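Report on the following structure.
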Amino acid sequence: MRGIFAAAATLALCLSASAEAANNPPKIGLVQIDLSNPFHLGEVEGAKEAARRAGFELIVTSGEGDVNKQIQAVENLLNQGVDAISVNFIDAGAFGPTMAKAKAAHVPIICLHSKPEGCAGALGFDERYTGKIVGEYAAELLKKKYNGDVKGEVANLQGLLGQGLNTDRSGGFTDVMAKYPGVKVVAQEPTSWDPTKAVSITENWLTAYPNLDLIYGNSDSLTVPAAAAIDRAGKKGQIMLVSVDGTQAGLDAVRDGVMKSTVLLAPQYSGFWKAYFPYLIATHKNTTNDVLIQGVLVTADNVKPVMKLAADQVNNMKQFPFEKTLTEIVETYK
């Protein structure tokens, strides 16, 4: 996380140089998994703000959920002569030849949430930390439910297999669960970040595991629909839900008691850095090649100030303090 501070220390310098770069702005590509997931769309808005502040040209594209289309999207950007590309990989292992092409073209690839060979820099969330704080809170919930004993059946709605983000977000959680012999992780299933699949899997679990106590969803985009499926089945209140992302839907669900928690990862905040960090690398202003963003656990105790923060990201974006850590920003909203 200190890498963000090192990068942010150059922020004023970079922004003051924006006018000079206006006639020949650097071109930065941002390649998303898709442009339908609300979190990815929020990131795009944050990336646009980074481009506005620093004065670079931003080109946004995606793989539309298809790894072959994503590879083509990256190669199209290489052909356009961009100065750096930030890639949220669908399957990092499939990009070997494309990474080689980028190296030959002297275009740095900033790897998001995964780190295949050839990355000029890496940026992501501290996913082991994310999974760990969710797991620790889940253990508290189970302890309260069972009058001091940490026990019960839990399941995990995963995202996309092959993505480092998914592996570590689940792994941090199961590492904590493994500390408690009374807790059994009865199921972990991938959804490819598809809400429809999350609903179908949840419905199956309700039949297969009638004593299920808790579901951990690797994204609000999965957990909120899962909560609706639980409600339709008449089991609201029986199964506790914990999640990650801190999207508006997720924060609403925590406020309304539908979910017990989420983790604020702040899409506009992360999107800002997913565009600004490659700009620093492309213009040789970076002081680190790796940045990890740590999220903040959101429960009923702190959801209201966090919702104000989330609204400011959208409504007061031009004044939002993206250069600070999320923990620091949350502190200012108490």
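Residues are referred to by chain and number: the chain letter is A, B, ... according to the order shown in the structure tokens, the number counts from 1 in that chain, and ligands are numbered separately from 1 in the order shown.
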Residues at most 8 Å from Gly152 in chain A, counting only C-alpha atoms, excluding those fewer than 2 positions away in the same chain, as a list in words?
Leu142, Val150, Val154, Gly182, Val183, Lys184, Leu212 and Asp213 of chain A
Selection export as a PDB file, in the first residue's frame, atoms kept: C-alpha atoms:
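And here's again34.pdb as it stands now:
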```
ATOM      1  CA  LEU A 142     -21.048 -17.764  13.717  1.00  0.00           C
ATOM      2  CA  VAL A 150     -17.470 -20.882  16.132  1.00  0.00           C
ATOM      3  CA  VAL A 154     -20.537 -22.084   5.087  1.00  0.00           C
ATOM      4  CA  GLY A 182     -16.395 -26.761  13.940  1.00  0.00           C
ATOM      5  CA  VAL A 183     -16.735 -24.868  10.658  1.00  0.00           C
ATOM      6  CA  LYS A 184     -17.247 -26.822   7.452  1.00  0.00           C
ATOM      7  CA  LEU A 212     -26.323 -23.826   5.659  1.00  0.00           C
ATOM      8  CA  ASP A 213     -25.453 -20.951   8.010  1.00  0.00           C
TER       9      ASP A 213
END
```
Report the closest atom pair, with its distance in Å rounded to one decimal, for each residue of range 263-316 of chain A that has an atom no farther than 12 Å from range 161-171 of chain A; count only C-alpha atoms, sort by chain and then rising residue number, and write it as CSV.
```
residue,atom,partner,partner_atom,distance
A:Val263,CA,A:Arg169,CA,11.2
A:Leu292,CA,A:Leu165,CA,11.6
A:Gly295,CA,A:Arg169,CA,11.6
```
Export of prior selection with all heavy atoms as an mmCIF file, in the first residue's frame:
```cif
data_model
loop_
_atom_site.group_PDB
_atom_site.id
_atom_site.type_symbol
_atom_site.label_atom_id
_atom_site.label_comp_id
_atom_site.auth_asym_id
_atom_site.auth_seq_id
_atom_site.Cartn_x
_atom_site.Cartn_y
_atom_site.Cartn_z
ATOM 1 N N VAL A 263 -17.113 -5.387 1.770
ATOM 2 C CA VAL A 263 -15.802 -4.744 1.906
ATOM 3 C C VAL A 263 -15.734 -3.620 0.889
ATOM 4 O O VAL A 263 -15.919 -3.852 -0.311
ATOM 5 C CB VAL A 263 -14.645 -5.748 1.687
ATOM 6 C CG1 VAL A 263 -13.296 -5.017 1.711
ATOM 7 C CG2 VAL A 263 -14.665 -6.825 2.762
ATOM 8 N N LEU A 292 -0.918 -2.294 -4.031
ATOM 9 C CA LEU A 292 -2.033 -3.064 -3.491
ATOM 10 C C LEU A 292 -2.958 -2.128 -2.724
ATOM 11 O O LEU A 292 -2.512 -1.349 -1.879
ATOM 12 C CB LEU A 292 -1.534 -4.168 -2.551
ATOM 13 C CG LEU A 292 -0.934 -5.417 -3.188
ATOM 14 C CD1 LEU A 292 -0.465 -6.374 -2.098
ATOM 15 C CD2 LEU A 292 -1.940 -6.105 -4.098
ATOM 16 N N GLY A 295 -8.990 -2.892 1.200
ATOM 17 C CA GLY A 295 -10.374 -2.511 1.404
ATOM 18 C C GLY A 295 -10.695 -2.296 2.873
ATOM 19 O O GLY A 295 -9.870 -2.550 3.754
#
```
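Between CA of Ala139 in chain A and CA of Lys179 in chain A lies a distance of 9.8 Å.
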Give me the residues near Ile281 in chain A as a list in words, where near means some atom within 8 Å (using only C-alpha atoms) and where sequence neighbours in that chain fewer than 5 positions away do not count.
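Here the qualifying residues turn out to be Ala84, Pro108, Gly121, Asn286 and Asn289 of chain A.
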Minimum-distance residue to Pro305 in chain A, chosen among A:Ala51, A:Leu222, A:Val74, A:Val330 (using only C-alpha atoms):
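Result for the nearest residue to Pro305 in chain A: A:Val330.
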